[in-house]
$ cat coords09.pdb   # PDB, C-alpha atoms
ATOM      1  CA  MET A   1       1.113 -59.594 144.553
ATOM      2  CA  PHE A   2      -2.442 -60.362 145.635
ATOM      3  CA  ASP A   3      -3.370 -63.661 147.295
ATOM      4  CA  ILE A   4      -6.151 -64.100 144.753
ATOM      5  CA  ALA A   5      -7.331 -62.161 141.705
ATOM      6  CA  VAL A   6     -10.561 -62.389 139.732
ATOM      7  CA  ILE A   7     -10.370 -62.549 135.936
ATOM      8  CA  GLU A   8     -13.331 -60.800 134.301
ATOM      9  CA  ASP A   9     -12.041 -60.247 130.766
ATOM     10  CA  PRO A  10     -12.783 -63.129 128.329
ATOM     11  CA  ALA A  11      -9.429 -62.757 126.558
ATOM     12  CA  ALA A  12      -7.549 -62.825 129.870
ATOM     13  CA  ALA A  13      -9.521 -65.913 130.898
ATOM     14  CA  GLU A  14      -8.583 -67.609 127.624
ATOM     15  CA  ALA A  15      -4.927 -66.726 128.149
ATOM     16  CA  SER A  16      -4.911 -68.102 131.689
ATOM     17  CA  LEU A  17      -6.497 -71.397 130.619
ATOM     18  CA  ASP A  18      -3.782 -72.207 128.106
ATOM     19  CA  PRO A  19      -1.828 -75.086 129.747
ATOM     20  CA  THR A  20       1.603 -73.610 128.988
ATOM     21  CA  ARG A  21       0.643 -70.146 130.212
ATOM     22  CA  ALA A  22      -0.932 -71.619 133.339
ATOM     23  CA  ARG A  23       2.402 -73.330 134.067
ATOM     24  CA  LEU A  24       4.239 -70.051 133.601
ATOM     25  CA  LEU A  25       1.792 -68.241 135.877
ATOM     26  CA  ALA A  26       2.389 -70.823 138.594
ATOM     27  CA  ALA A  27       6.161 -70.576 138.125
ATOM     28  CA  LEU A  28       5.984 -66.782 138.390
ATOM     29  CA  ALA A  29       4.815 -66.878 141.986
ATOM     30  CA  GLU A  30       8.461 -65.914 142.414
ATOM     31  CA  PRO A  31       9.991 -63.265 140.106
ATOM     32  CA  ALA A  32      11.920 -64.671 137.165
ATOM     33  CA  SER A  33      13.213 -63.739 133.741
ATOM     34  CA  ALA A  34      12.377 -65.548 130.514
ATOM     35  CA  THR A  35      15.768 -67.275 130.642
ATOM     36  CA  MET A  36      15.166 -68.478 134.189
ATOM     37  CA  LEU A  37      11.666 -69.648 133.316
ATOM     38  CA  ALA A  38      12.847 -71.483 130.221
ATOM     39  CA  ALA A  39      15.217 -73.549 132.336
ATOM     40  CA  ARG A  40      12.571 -74.040 135.019
ATOM     41  CA  VAL A  41       9.779 -75.308 132.757
ATOM     42  CA  GLY A  42      11.863 -76.878 129.995
ATOM     43  CA  LEU A  43      10.804 -74.653 127.098
ATOM     44  CA  PRO A  44      12.812 -72.579 124.574
ATOM     45  CA  ARG A  45      13.332 -69.003 125.737
ATOM     46  CA  GLN A  46      11.733 -67.588 122.579
ATOM     47  CA  LYS A  47       8.556 -69.569 123.246
ATOM     48  CA  VAL A  48       8.518 -68.451 126.874
ATOM     49  CA  ASN A  49       8.881 -64.829 125.770
ATOM     50  CA  TYR A  50       5.929 -65.239 123.402
ATOM     51  CA  HIS A  51       3.665 -66.494 126.203
ATOM     52  CA  LEU A  52       4.939 -63.897 128.677
ATOM     53  CA  ARG A  53       3.975 -61.098 126.305
ATOM     54  CA  ALA A  54       0.430 -62.464 126.131
ATOM     55  CA  LEU A  55       0.161 -62.816 129.909
ATOM     56  CA  GLU A  56       1.495 -59.295 130.439
ATOM     57  CA  GLN A  57      -0.885 -57.879 127.842
ATOM     58  CA  HIS A  58      -3.831 -59.214 129.865
ATOM     59  CA  GLY A  59      -2.502 -58.009 133.228
ATOM     60  CA  LEU A  60      -1.782 -61.474 134.598
ATOM     61  CA  ILE A  61       1.920 -60.779 135.134
ATOM     62  CA  GLU A  62       3.830 -57.569 135.819
ATOM     63  CA  LEU A  63       7.337 -56.190 135.446
ATOM     64  CA  VAL A  64       9.358 -56.272 138.668
ATOM     65  CA  GLU A  65      12.683 -54.973 137.408
ATOM     66  CA  GLU A  66      14.962 -54.721 134.397
ATOM     67  CA  ARG A  67      18.531 -55.986 134.553
ATOM     68  CA  ARG A  68      21.248 -54.985 132.115
ATOM     69  CA  LYS A  69      23.413 -57.901 130.961
ATOM     70  CA  GLY A  70      25.930 -56.760 128.385
ATOM     71  CA  ASN A  71      23.955 -55.518 125.388
ATOM     72  CA  VAL A  72      20.753 -57.199 126.566
ATOM     73  CA  THR A  73      18.129 -55.902 128.987
ATOM     74  CA  GLU A  74      16.592 -58.775 130.939
ATOM     75  CA  ARG A  75      13.029 -58.255 132.146
ATOM     76  CA  VAL A  76      12.111 -59.886 135.459
ATOM     77  CA  MET A  77       8.405 -60.666 135.696
ATOM     78  CA  ARG A  78       6.052 -61.814 138.448
ATOM     79  CA  ALA A  79       2.437 -63.023 138.525
ATOM     80  CA  THR A  80       0.017 -60.357 139.732
ATOM     81  CA  ALA A  81      -1.598 -62.891 142.093
ATOM     82  CA  ALA A  82      -0.790 -66.199 143.752
ATOM     83  CA  SER A  83      -4.017 -67.692 142.380
ATOM     84  CA  TYR A  84      -6.831 -66.724 140.051
ATOM     85  CA  VAL A  85     -10.585 -67.207 139.787
ATOM     86  CA  ILE A  86     -12.464 -66.715 136.527
ATOM     87  CA  SER A  87     -15.589 -64.616 137.011
ATOM     88  CA  PRO A  88     -18.849 -65.560 135.263
ATOM     89  CA  LEU A  89     -18.516 -62.135 133.621
ATOM     90  CA  ALA A  90     -15.918 -63.742 131.352
ATOM     91  CA  LEU A  91     -18.777 -65.896 130.001
ATOM     92  CA  ALA A  92     -21.358 -63.133 130.064
ATOM     93  CA  ALA A  93     -23.669 -64.629 127.441
ATOM     94  CA  VAL A  94     -24.010 -67.935 129.294
ATOM     95  CA  ARG A  95     -23.369 -67.021 132.915
ATOM     96  CA  PRO A  96     -25.886 -68.517 135.363
ATOM     97  CA  ASP A  97     -28.758 -66.381 136.609
ATOM     98  CA  PRO A  98     -29.996 -67.320 140.106
ATOM     99  CA  SER A  99     -33.176 -65.333 139.547
ATOM    100  CA  HIS A 100     -34.333 -68.107 137.231
ATOM    101  CA  THR A 101     -36.336 -70.816 139.023
ATOM    102  CA  PRO A 102     -35.052 -70.111 142.553
ATOM    103  CA  ASP A 103     -35.211 -73.267 144.648
ATOM    104  CA  ARG A 104     -33.320 -73.469 147.933
ATOM    105  CA  LEU A 105     -33.201 -77.279 147.654
ATOM    106  CA  SER A 106     -31.682 -77.268 144.167
ATOM    107  CA  ALA A 107     -27.944 -77.930 143.869
ATOM    108  CA  ARG A 108     -27.870 -76.132 140.522
ATOM    109  CA  TRP A 109     -29.497 -73.060 141.991
ATOM    110  CA  LEU A 110     -26.865 -73.155 144.743
ATOM    111  CA  LEU A 111     -24.213 -73.235 142.026
ATOM    112  CA  ALA A 112     -25.827 -70.230 140.338
ATOM    113  CA  LEU A 113     -25.739 -68.359 143.651
ATOM    114  CA  ALA A 114     -22.070 -69.254 144.086
ATOM    115  CA  ALA A 115     -21.323 -67.990 140.575
ATOM    116  CA  ARG A 116     -23.060 -64.699 141.334
ATOM    117  CA  LEU A 117     -21.037 -64.457 144.553
ATOM    118  CA  VAL A 118     -17.791 -64.801 142.599
ATOM    119  CA  GLN A 119     -18.995 -62.242 140.059
ATOM    120  CA  ASP A 120     -20.181 -59.679 142.609
ATOM    121  CA  VAL A 121     -17.258 -59.958 145.013
ATOM    122  CA  GLY A 122     -14.813 -60.010 142.120
ATOM    123  CA  SER A 123     -16.224 -56.746 140.771
ATOM    124  CA  LEU A 124     -16.168 -55.217 144.254
ATOM    125  CA  ILE A 125     -12.543 -56.254 144.773
ATOM    126  CA  THR A 126     -11.580 -54.696 141.447
ATOM    127  CA  GLY A 127     -13.277 -51.423 142.390
ATOM    128  CA  ALA A 128     -11.779 -51.403 145.879
ATOM    129  CA  ASP A 129      -8.285 -51.991 144.485
ATOM    130  CA  ARG A 130      -8.659 -49.110 142.031
ATOM    131  CA  ALA A 131      -9.829 -46.823 144.839
ATOM    132  CA  ASN A 132      -7.125 -48.173 147.175
ATOM    133  CA  LYS A 133      -9.756 -49.041 149.771
ATOM    134  CA  ARG A 134     -10.523 -52.120 151.807
ATOM    135  CA  LEU A 135     -13.678 -54.072 151.076
ATOM    136  CA  ALA A 136     -15.894 -54.865 154.075
ATOM    137  CA  THR A 137     -16.927 -58.530 153.877
ATOM    138  CA  PHE A 138     -17.590 -61.360 156.300
ATOM    139  CA  ALA A 139     -17.613 -65.121 155.805
ATOM    140  CA  VAL A 140     -18.029 -68.252 157.902
ATOM    141  CA  ASP A 141     -16.764 -71.675 156.866
ATOM    142  CA  ALA A 142     -17.742 -74.610 159.068
ATOM    143  CA  THR A 143     -18.287 -78.357 158.872
ATOM    144  CA  VAL A 144     -21.164 -80.150 160.569
ATOM    145  CA  ARG A 145     -21.688 -83.941 160.621
ATOM    146  CA  PHE A 146     -25.328 -85.002 160.835
ATOM    147  CA  ALA A 147     -26.380 -88.312 162.343
ATOM    148  CA  THR A 148     -29.520 -88.518 160.198
ATOM    149  CA  ALA A 149     -31.227 -86.841 157.277
ATOM    150  CA  ARG A 150     -33.888 -85.685 159.719
ATOM    151  CA  ASP A 151     -31.238 -83.828 161.735
ATOM    152  CA  ARG A 152     -29.979 -82.190 158.549
ATOM    153  CA  ALA A 153     -33.466 -81.009 157.638
ATOM    154  CA  ALA A 154     -34.044 -79.686 161.152
ATOM    155  CA  PHE A 155     -30.725 -77.823 161.046
ATOM    156  CA  ALA A 156     -31.620 -76.231 157.704
ATOM    157  CA  ASP A 157     -35.024 -75.136 158.976
ATOM    158  CA  GLU A 158     -33.566 -73.654 162.167
ATOM    159  CA  LEU A 159     -30.820 -71.904 160.222
ATOM    160  CA  ALA A 160     -33.337 -70.376 157.815
ATOM    161  CA  THR A 161     -35.545 -69.215 160.678
ATOM    162  CA  THR A 162     -32.608 -67.633 162.514
ATOM    163  CA  ILE A 163     -31.307 -65.801 159.448
ATOM    164  CA  THR A 164     -34.782 -64.577 158.532
ATOM    165  CA  ALA A 165     -35.170 -63.138 162.034
ATOM    166  CA  LEU A 166     -31.746 -61.445 161.888
ATOM    167  CA  VAL A 167     -32.487 -59.904 158.505
ATOM    168  CA  ALA A 168     -35.838 -58.603 159.745
ATOM    169  CA  LYS A 169     -34.166 -57.164 162.856
ATOM    170  CA  TYR A 170     -31.413 -55.226 161.090
ATOM    171  CA  HIS A 171     -32.907 -54.407 157.689
ATOM    172  CA  ASP A 172     -33.589 -50.683 157.345
ATOM    173  CA  GLU A 173     -35.164 -49.369 154.157
ATOM    174  CA  HIS A 174     -35.360 -45.717 155.165
ATOM    175  CA  THR A 175     -32.123 -44.461 156.757
ATOM    176  CA  PRO A 176     -30.254 -42.155 154.323
ATOM    177  CA  GLY A 177     -26.802 -43.427 153.431
ATOM    178  CA  GLY A 178     -27.590 -47.032 154.251
ATOM    179  CA  ARG A 179     -26.087 -49.679 151.993
ATOM    180  CA  GLU A 180     -27.540 -53.032 151.051
ATOM    181  CA  HIS A 181     -25.524 -56.169 151.752
ATOM    182  CA  ARG A 182     -26.214 -59.592 150.298
ATOM    183  CA  VAL A 183     -26.371 -62.620 152.596
ATOM    184  CA  VAL A 184     -25.759 -66.023 151.012
ATOM    185  CA  LEU A 185     -25.962 -69.267 152.991
ATOM    186  CA  ALA A 186     -25.056 -72.678 151.643
ATOM    187  CA  LEU A 187     -25.314 -76.196 153.002
ATOM    188  CA  HIS A 188     -23.950 -79.066 150.934
ATOM    189  CA  PRO A 189     -22.180 -82.397 151.429
ATOM    190  CA  SER A 190     -18.413 -82.159 151.743
ATOM    191  CA  ALA A 191     -16.624 -83.202 148.568
ATOM    192  CA  GLU A 192     -14.233 -86.132 148.788
ATOM    193  CA  PRO A 193     -10.553 -85.150 148.524
ATOM    194  CA  ALA A 194      -9.268 -85.521 144.973
ATOM    195  CA  PRO A 195      -6.786 -88.412 144.540
ATOM    196  CA  THR A 196      -3.186 -87.303 144.225
ATOM    197  CA  THR A 197      -0.220 -89.070 142.682
ATOM    198  CA  SER A 198       2.835 -89.776 144.764
ATOM    199  CA  PRO A 199       6.017 -88.293 143.230
ATOM    200  CA  ASP A 200       7.693 -91.719 143.455
ATOM    201  CA  THR A 201       4.896 -93.760 141.911
ATOM    202  CA  ASP A 202       2.002 -93.579 139.486
ATOM    203  CA  THR A 203      -0.391 -95.044 142.042
ATOM    204  CA  PRO A 204      -3.057 -92.514 143.138
ATOM    205  CA  THR A 205      -3.128 -91.709 146.841
ATOM    206  CA  GLU A 206      -5.751 -89.883 148.846
ATOM    207  CA  GLY A 207      -5.081 -86.190 149.337
ATOM    208  CA  ARG A 208      -4.406 -85.122 152.901
TER     209      ARG A 208
END

$ encode --input "coords09.pdb" --output "structure tokens"
Amino acid sequence: MFDIAVIEDPAAAEASLDPTRARLLAALAEPASATMLAARVGLPRQKVNYHLRALEQHGLIELVEERRKGNVTERVMRATAASYVISPLALAAVRPDPSHTPDRLSARWLLALAARLVQDVGSLITGADRANKRLATFAVDATVRFATARDRAAFADELATTITALVAKYHDEHTPGGREHRVVLALHPSAEPAPTTSPDTDTPTEGR
């Protein structure tokens, strides 16, 4: 099982977004049969089997083992990943294009860049998995608290200057066998934690 998988096929994306199938995917983080799942999620076994066939058809779950019980063969299934991300490729006709009106101060352009990142890295992961190779990537995730908007602007300018200098230093257009790498930087306000509901009450509480 992968930690995360990228869904590129529109039909697989549709299958994963069905509320019942999403519940079954989450429940199949641990291997289970249709009978076990039916008891776990409170659905008839026949209905669970119907949804499992669809999930298996789209490669979202996989067979772990088959168990013989009397005259019945019980199939034990497991999700192919602990979590899933839907690639913009699944919405190819309407996926965002960051080459349109690039503006480094636009939040929507940032979102288009993020969508392309998911699409590109998702495709690379798929290819690396098929070739049984590791994918060379690097990422930094940090939080910075600015005292003023002026400090934020100064930080952005300094960051852009530093990255531009690094790119100019290491970029080589002529060496045979060189491979291009994309560098994406983002700076945005931290999102507030989504409210959660306590299991003992219907009153929303702040996520921790």

$ resolve_selection --input "coords09.pdb" --expression "the PyMOL selection byres ((chain A and resi 112) around 10)" --output "ChimeraX atom specification"
/A:88,95-100,102,106-111,113-118

$ residues_around --input "coords09.pdb" --residues "segment 70-76 of chain A" --least-positions-apart "2" --cutoff "12 Å" --atoms "only C-alpha atoms" --output "NGL selection string"
:A and (28 or 30-37 or 45 or 49 or 52-53 or 56 or 61-68 or 78-79)

$ residues_around --input "coords09.pdb" --residues "Met1 of chain A" --least-positions-apart "3" --cutoff "9 Å" --atoms "all atoms listed in the file" --output "list in words"
Ile4, Ala29, Arg78, Ala79, Thr80, Ala81 and Ala82 of chain A

$ atom_distance --input "coords09.pdb" --atom1 "atom CA of Leu105 of chain A" --atom2 "atom CA of Ala142 of chain A"
19.4 Å

$ atom_distance --input "coords09.pdb" --atom1 "atom CA of Glu158 of chain A" --atom2 "atom CA of Gln119 of chain A"
28.8 Å

$ atom_distance --input "coords09.pdb" --atom1 "atom CA of Tyr84 of chain A" --atom2 "atom CA of Ala5 of chain A"
4.9 Å

$ residues_around --input "coords09.pdb" --residues "Ala160 of chain A" --least-positions-apart "6" --cutoff "12 Å" --atoms "only C-alpha atoms" --output "list of chain:residue names"
A:Arg104, A:Ala153, A:Ala154, A:Leu166, A:Val167, A:Val183, A:Val184, A:Leu185, A:Ala186, A:Leu187

$ residues_around --input "coords09.pdb" --residues "Glu14 of chain A" --least-positions-apart "4" --cutoff "10 Å" --atoms "only C-alpha atoms" --output "VMD selection string"
chain A and resid 7 9 to 10 18 21 58 86 90

$ closest_residue --input "coords09.pdb" --among "A:Val121, A:Ala54, A:Ala165, A:Val48" --to "Val85 of chain A" --atoms "all atoms listed in the file"
A:Val121

$ closest_residue --input "coords09.pdb" --among "A:Pro44, A:His188, A:Gly59, A:Ala39" --to "Ala11 of chain A" --atoms "only C-alpha atoms"
A:Gly59

$ residues_around --input "coords09.pdb" --residues "Ala136 of chain A" --least-positions-apart "4" --cutoff "12 Å" --atoms "only C-alpha atoms" --output "list of chain:residue names"
A:Val121, A:Leu124, A:Ile125, A:Ala128, A:Arg179, A:His181, A:Arg182

$ closest_residue --input "coords09.pdb" --among "A:Ala12, A:Gly42, A:Val6, A:Pro189" --to "Arg152 of chain A" --atoms "all atoms listed in the file"
A:Pro189
